[in-house]
Every structure is written in C-alpha cells, then in structure tokens.
file final25.cif (mmCIF, C-alpha atoms)
data_entry
#
loop_
_atom_site.group_PDB
_atom_site.id
_atom_site.type_symbol
_atom_site.label_atom_id
_atom_site.label_comp_id
_atom_site.auth_asym_id
_atom_site.auth_seq_id
_atom_site.Cartn_x
_atom_site.Cartn_y
_atom_site.Cartn_z
ATOM 1 C CA MET B 47 -78.459 135.448 82.801
ATOM 2 C CA LYS B 48 -79.728 133.018 80.160
ATOM 3 C CA THR B 49 -78.568 132.972 76.533
ATOM 4 C CA PHE B 50 -80.456 131.948 73.397
ATOM 5 C CA MET B 51 -79.365 131.631 69.769
ATOM 6 C CA CYS B 52 -81.605 133.822 67.667
ATOM 7 C CA SER B 53 -81.996 136.016 64.623
ATOM 8 C CA LEU B 54 -83.476 139.491 64.558
ATOM 9 C CA CYS B 55 -85.885 139.970 61.657
ATOM 10 C CA ARG B 56 -85.216 143.560 60.604
ATOM 11 C CA GLY B 57 -84.454 144.292 56.956
ATOM 12 C CA GLY B 58 -83.419 140.656 56.630
ATOM 13 C CA ILE B 59 -82.435 137.983 59.119
ATOM 14 C CA LEU B 60 -79.584 139.012 61.403
ATOM 15 C CA GLY B 61 -78.001 136.216 63.432
ATOM 16 C CA GLY B 62 -77.067 136.919 67.005
ATOM 17 C CA VAL B 63 -77.646 136.062 70.637
ATOM 18 C CA LEU B 64 -80.377 137.015 73.095
ATOM 19 C CA TYR B 65 -79.445 137.517 76.723
ATOM 20 C CA LEU B 66 -82.279 137.389 79.227
ATOM 21 C CA ASP B 67 -82.244 138.370 82.874
ATOM 22 C CA SER B 68 -84.683 139.935 85.326
ATOM 23 C CA GLN B 69 -83.929 143.458 84.099
ATOM 24 C CA SER B 70 -83.732 143.218 80.323
ATOM 25 C CA LEU B 71 -83.781 141.299 77.085
ATOM 26 C CA ILE B 72 -80.594 142.083 75.145
ATOM 27 C CA TYR B 73 -79.897 141.232 71.498
ATOM 28 C CA ARG B 74 -76.279 141.328 70.327
ATOM 29 C CA THR B 75 -74.718 140.775 66.938
ATOM 30 C CA ASN B 76 -71.205 141.363 65.640
ATOM 31 C CA LYS B 77 -72.323 142.186 62.096
ATOM 32 C CA LEU B 78 -70.768 145.527 61.171
ATOM 33 C CA THR B 79 -73.259 146.195 58.378
ATOM 34 C CA VAL B 80 -76.143 146.379 60.863
ATOM 35 C CA ASP B 81 -77.393 149.739 62.129
ATOM 36 C CA GLN B 82 -75.625 150.548 65.422
ATOM 37 C CA LYS B 83 -78.987 150.541 67.258
ATOM 38 C CA TYR B 84 -79.407 146.815 66.594
ATOM 39 C CA ARG B 85 -75.864 145.647 67.401
ATOM 40 C CA ASN B 86 -76.556 145.923 71.120
ATOM 41 C CA LEU B 87 -80.338 146.256 71.442
ATOM 42 C CA VAL B 88 -81.508 146.498 75.064
ATOM 43 C CA LEU B 89 -85.207 145.965 75.813
ATOM 44 C CA PRO B 90 -85.902 146.665 79.509
ATOM 45 C CA MET B 91 -88.324 144.156 81.057
ATOM 46 C CA HIS B 92 -90.528 146.903 82.532
ATOM 47 C CA GLN B 93 -91.060 148.337 79.020
ATOM 48 C CA ILE B 94 -92.117 145.030 77.411
ATOM 49 C CA ASP B 95 -95.896 144.854 77.056
ATOM 50 C CA GLU B 96 -96.121 141.285 75.747
ATOM 51 C CA ILE B 97 -94.519 138.654 73.536
ATOM 52 C CA SER B 98 -96.593 136.969 70.849
ATOM 53 C CA TRP B 99 -95.563 133.846 68.908
ATOM 54 C CA LYS B 100 -96.022 132.599 65.335
ATOM 55 C CA TRP B 101 -94.539 129.698 63.400
ATOM 56 C CA ILE B 102 -92.867 130.620 60.091
ATOM 57 C CA ILE B 103 -90.685 127.532 59.602
ATOM 58 C CA PHE B 104 -89.164 128.420 62.995
ATOM 59 C CA PRO B 105 -90.855 129.907 66.064
ATOM 60 C CA THR B 106 -90.872 133.696 65.812
ATOM 61 C CA ALA B 107 -91.418 135.892 68.829
ATOM 62 C CA THR B 108 -92.617 139.461 68.439
ATOM 63 C CA VAL B 109 -91.733 141.641 71.402
ATOM 64 C CA HIS B 110 -94.357 144.358 71.832
ATOM 65 C CA MET B 111 -92.945 147.361 73.668
ATOM 66 C CA LYS B 112 -95.154 149.756 75.647
ATOM 67 C CA SER B 113 -93.882 152.514 73.322
ATOM 68 C CA GLY B 114 -95.518 150.724 70.366
ATOM 69 C CA GLU B 115 -92.256 149.446 68.862
ATOM 70 C CA LEU B 116 -92.150 145.824 67.694
ATOM 71 C CA TYR B 117 -89.103 143.558 67.443
ATOM 72 C CA THR B 118 -89.366 140.116 65.843
ATOM 73 C CA PHE B 119 -86.879 137.351 66.621
ATOM 74 C CA ILE B 120 -86.450 133.764 65.512
ATOM 75 C CA ILE B 121 -85.663 131.983 68.787
ATOM 76 C CA PHE B 122 -84.337 128.450 68.491
ATOM 77 C CA ASN B 123 -85.465 127.152 71.903
ATOM 78 C CA LYS B 124 -88.983 128.493 72.368
ATOM 79 C CA SER B 125 -89.969 126.413 75.399
ATOM 80 C CA ARG B 126 -86.805 127.253 77.332
ATOM 81 C CA PHE B 127 -87.123 130.947 76.445
ATOM 82 C CA GLU B 128 -90.790 131.041 77.518
ATOM 83 C CA LYS B 129 -89.961 129.360 80.828
ATOM 84 C CA TRP B 130 -87.240 131.853 81.724
ATOM 85 C CA PHE B 131 -89.058 134.902 80.353
ATOM 86 C CA HIS B 132 -92.081 134.046 82.476
ATOM 87 C CA GLU B 133 -89.914 133.530 85.563
ATOM 88 C CA TYR B 134 -87.927 136.763 85.103
ATOM 89 C CA SER B 135 -90.954 138.895 84.185
ATOM 90 C CA GLU B 136 -92.678 138.025 87.461
ATOM 91 C CA GLN B 137 -89.767 139.236 89.615
#

call {"tool": "encode", "arguments": {"input": "final25.cif", "output": "structure tokens"}}
result
Amino acid sequence: MKTFMCSLCRGGILGGVLYLDSQSLIYRTNKLTVDQKYRNLVLPMHQIDEISWKWIIFPTATVHMKSGELYTFIIFNKSRFEKWFHEYSEQ
C-alpha cells in the first residue's frame, strides 16, 4: 500500500491522505466537520474509469468513476502517484 498527502476538493479543500493498493484508492481525513461519506472514501479500482489531470497551482487529479461520479484531489507527488496507479491498475 502506498500513501500520498492530498486534499479532497469538495465544498472546500479537505486535507487528508490517499492510500493506494491494487484493490482500491482510499481517501481518509480526521476532520469531524466533513460529511461521513468523505471521512473514509473508498474508490474500488475496478470502478474507476479514468483519472484526468489539471494544474491549478498544484496538480489536481479528477477520478472519473464508472457510475459517473467525479472526485477531485490535489495530490502532492503526481509522478509517484501516476507510477503506482498505473502499476496497480494493470494487476
């Protein structure tokens, strides 16, 4: 499992951590004011359609789910994340 410092962009910027392994992408935050759904957000790898990138001061990754949902994260080590996401998504 790989970890990445990040922020979820959802009604503001919510600092947290992304955990990545071959089964899922997991966002966790300890902020109590955040909706329960986003405190421990699990995005299964087989339900991720694609990840697109933009630069808005920092690299932002938008995770496109097969269900049509979108989740945008600021990820502070884009190249490392891309390397491991690519490796895990091909397993």

call {"tool": "resolve_selection", "arguments": {"input": "final25.cif", "expression": "the PyMOL selection byres ((chain B and resi 63) around 9)", "output": "PyMOL selection string"}}
result
chain B and resi 49-53+61-62+64-65+72-75

call {"tool": "closest_residue", "arguments": {"input": "final25.cif", "among": "B:Tyr84, B:Leu89, B:Gly58, B:Met47", "to": "B:Ser70", "atoms": "all atoms listed in the file"}}
result
B:Leu89

call {"tool": "atom_distance", "arguments": {"input": "final25.cif", "atom1": "atom CA of B:Gln93", "atom2": "atom CA of B:Ile59"}}
result
24.0 Å

call {"tool": "atom_distance", "arguments": {"input": "final25.cif", "atom1": "atom CA of B:Tyr134", "atom2": "atom CA of B:Asp95"}}
result
13.9 Å

call {"tool": "residues_around", "arguments": {"input": "final25.cif", "residues": "B:Glu133", "least_positions_apart": "2", "cutoff": "12 Å", "atoms": "all atoms listed in the file", "output": "PyMOL selection string"}}
result
chain B and resi 47-48+66-69+91+126-131+135-137

call {"tool": "residues_around", "arguments": {"input": "final25.cif", "residues": "stretch 98-109 of chain B", "least_positions_apart": "5", "cutoff": "7 Å", "atoms": "all atoms listed in the file", "output": "JSON, numbers by chain"}}
result
{"B": [116, 117, 118, 119, 120, 121, 124]}

call {"tool": "residues_near_point", "arguments": {"input": "final25.cif", "point": "(-91.7, 143.4, 73.8)", "cutoff": "6 Å", "atoms": "all atoms listed in the file", "output": "VMD selection string"}}
result
chain B and resid 94 to 97 109 to 111

call {"tool": "write_last_selection", "arguments": {"input": "final25.cif", "atoms": "C-alpha atoms", "output": "short mmCIF file (atom, residue, chain, number, x, y, z; two decimals), in the frame of the given file"}}
result
data_model
loop_
_atom_site.label_atom_id
_atom_site.label_comp_id
_atom_site.auth_asym_id
_atom_site.auth_seq_id
_atom_site.Cartn_x
_atom_site.Cartn_y
_atom_site.Cartn_z
CA ILE B 94 -92.12 145.03 77.41
CA ASP B 95 -95.90 144.85 77.06
CA GLU B 96 -96.12 141.28 75.75
CA ILE B 97 -94.52 138.65 73.54
CA VAL B 109 -91.73 141.64 71.40
CA HIS B 110 -94.36 144.36 71.83
CA MET B 111 -92.94 147.36 73.67
#

call {"tool": "atom_distance", "arguments": {"input": "final25.cif", "atom1": "atom CA of B:Ser113", "atom2": "atom CA of B:His92"}}
result
11.3 Å

call {"tool": "closest_residue", "arguments": {"input": "final25.cif", "among": "B:Cys55, B:His132, B:Leu60, B:Gly114", "to": "B:Asn76", "atoms": "only C-alpha atoms"}}
result
B:Leu60

call {"tool": "axis_aligned_box", "arguments": {"input": "final25.cif", "around": "stretch 97-112 of chain B", "padding_each_side": "6 Å", "output": "JSON"}}
result
{"center_x": -92.9, "center_y": 138.6, "center_z": 67.6, "size_x": 19.4, "size_y": 34.2, "size_z": 28.0}

call {"tool": "build_atoms", "arguments": {"input": "final25.cif", "residues": "stretch 87-109 of chain B", "atoms": "N, CA, C and O atoms", "output": "CSV table (one decimal), keeping the file's coordinate frame"}}
result
chain,number,residue,atom,x,y,z
B,87,LEU,N,-79.0,145.8,71.2
B,87,LEU,CA,-80.3,146.3,71.4
B,87,LEU,C,-80.8,145.8,72.8
B,87,LEU,O,-80.8,144.6,73.1
B,88,VAL,N,-81.1,146.8,73.7
B,88,VAL,CA,-81.5,146.5,75.1
B,88,VAL,C,-83.0,146.8,75.2
B,88,VAL,O,-83.4,148.0,75.0
B,89,LEU,N,-83.8,145.8,75.6
B,89,LEU,CA,-85.2,146.0,75.8
B,89,LEU,C,-85.5,145.7,77.3
B,89,LEU,O,-85.5,144.6,77.8
B,90,PRO,N,-85.7,146.8,78.1
B,90,PRO,CA,-85.9,146.7,79.5
B,90,PRO,C,-87.2,145.9,79.8
B,90,PRO,O,-88.2,146.1,79.1
B,91,MET,N,-87.2,145.0,80.7
B,91,MET,CA,-88.3,144.2,81.1
B,91,MET,C,-89.6,145.0,81.4
B,91,MET,O,-90.7,144.7,81.0
B,92,HIS,N,-89.4,146.1,82.1
B,92,HIS,CA,-90.5,146.9,82.5
B,92,HIS,C,-91.2,147.7,81.4
B,92,HIS,O,-92.2,148.2,81.5
B,93,GLN,N,-90.5,147.7,80.2
B,93,GLN,CA,-91.1,148.3,79.0
B,93,GLN,C,-91.7,147.3,78.0
B,93,GLN,O,-92.2,147.8,77.0
B,94,ILE,N,-91.5,146.0,78.3
B,94,ILE,CA,-92.1,145.0,77.4
B,94,ILE,C,-93.6,144.8,77.8
B,94,ILE,O,-93.9,144.5,78.9
B,95,ASP,N,-94.5,145.0,76.8
B,95,ASP,CA,-95.9,144.9,77.1
B,95,ASP,C,-96.3,143.4,77.0
B,95,ASP,O,-97.0,142.9,77.8
B,96,GLU,N,-95.8,142.7,75.9
B,96,GLU,CA,-96.1,141.3,75.7
B,96,GLU,C,-95.2,140.7,74.7
B,96,GLU,O,-94.5,141.4,73.9
B,97,ILE,N,-95.2,139.4,74.6
B,97,ILE,CA,-94.5,138.7,73.5
B,97,ILE,C,-95.5,137.7,72.9
B,97,ILE,O,-96.2,136.9,73.6
B,98,SER,N,-95.7,137.9,71.6
B,98,SER,CA,-96.6,137.0,70.8
B,98,SER,C,-95.8,136.1,69.9
B,98,SER,O,-94.7,136.4,69.5
B,99,TRP,N,-96.3,134.9,69.7
B,99,TRP,CA,-95.6,133.8,68.9
B,99,TRP,C,-96.3,133.5,67.6
B,99,TRP,O,-97.5,133.4,67.6
B,100,LYS,N,-95.5,133.2,66.6
B,100,LYS,CA,-96.0,132.6,65.3
B,100,LYS,C,-95.0,131.6,64.9
B,100,LYS,O,-93.8,131.7,65.3
B,101,TRP,N,-95.5,130.6,64.0
B,101,TRP,CA,-94.5,129.7,63.4
B,101,TRP,C,-94.4,130.1,61.9
B,101,TRP,O,-95.4,130.1,61.2
B,102,ILE,N,-93.2,130.4,61.5
B,102,ILE,CA,-92.9,130.6,60.1
B,102,ILE,C,-91.6,129.8,59.9
B,102,ILE,O,-90.5,130.3,60.0
B,103,ILE,N,-91.8,128.5,59.7
B,103,ILE,CA,-90.7,127.5,59.6
B,103,ILE,C,-90.1,127.3,61.0
B,103,ILE,O,-89.9,126.3,61.4
B,104,PHE,N,-89.7,128.4,61.6
B,104,PHE,CA,-89.2,128.4,63.0
B,104,PHE,C,-90.1,129.3,63.9
B,104,PHE,O,-90.9,130.1,63.4
B,105,PRO,N,-90.0,129.1,65.2
B,105,PRO,CA,-90.9,129.9,66.1
B,105,PRO,C,-90.3,131.3,66.0
B,105,PRO,O,-89.1,131.6,66.2
B,106,THR,N,-91.2,132.3,65.8
B,106,THR,CA,-90.9,133.7,65.8
B,106,THR,C,-91.6,134.4,67.0
B,106,THR,O,-92.8,134.2,67.2
B,107,ALA,N,-90.9,135.1,67.7
B,107,ALA,CA,-91.4,135.9,68.8
B,107,ALA,C,-91.4,137.4,68.5
B,107,ALA,O,-90.4,137.9,68.1
B,108,THR,N,-92.5,138.0,68.6
B,108,THR,CA,-92.6,139.5,68.4
B,108,THR,C,-92.7,140.1,69.8
B,108,THR,O,-93.7,139.8,70.6
B,109,VAL,N,-91.8,140.9,70.1
B,109,VAL,CA,-91.7,141.6,71.4
B,109,VAL,C,-92.5,143.0,71.2
B,109,VAL,O,-92.0,143.8,70.4
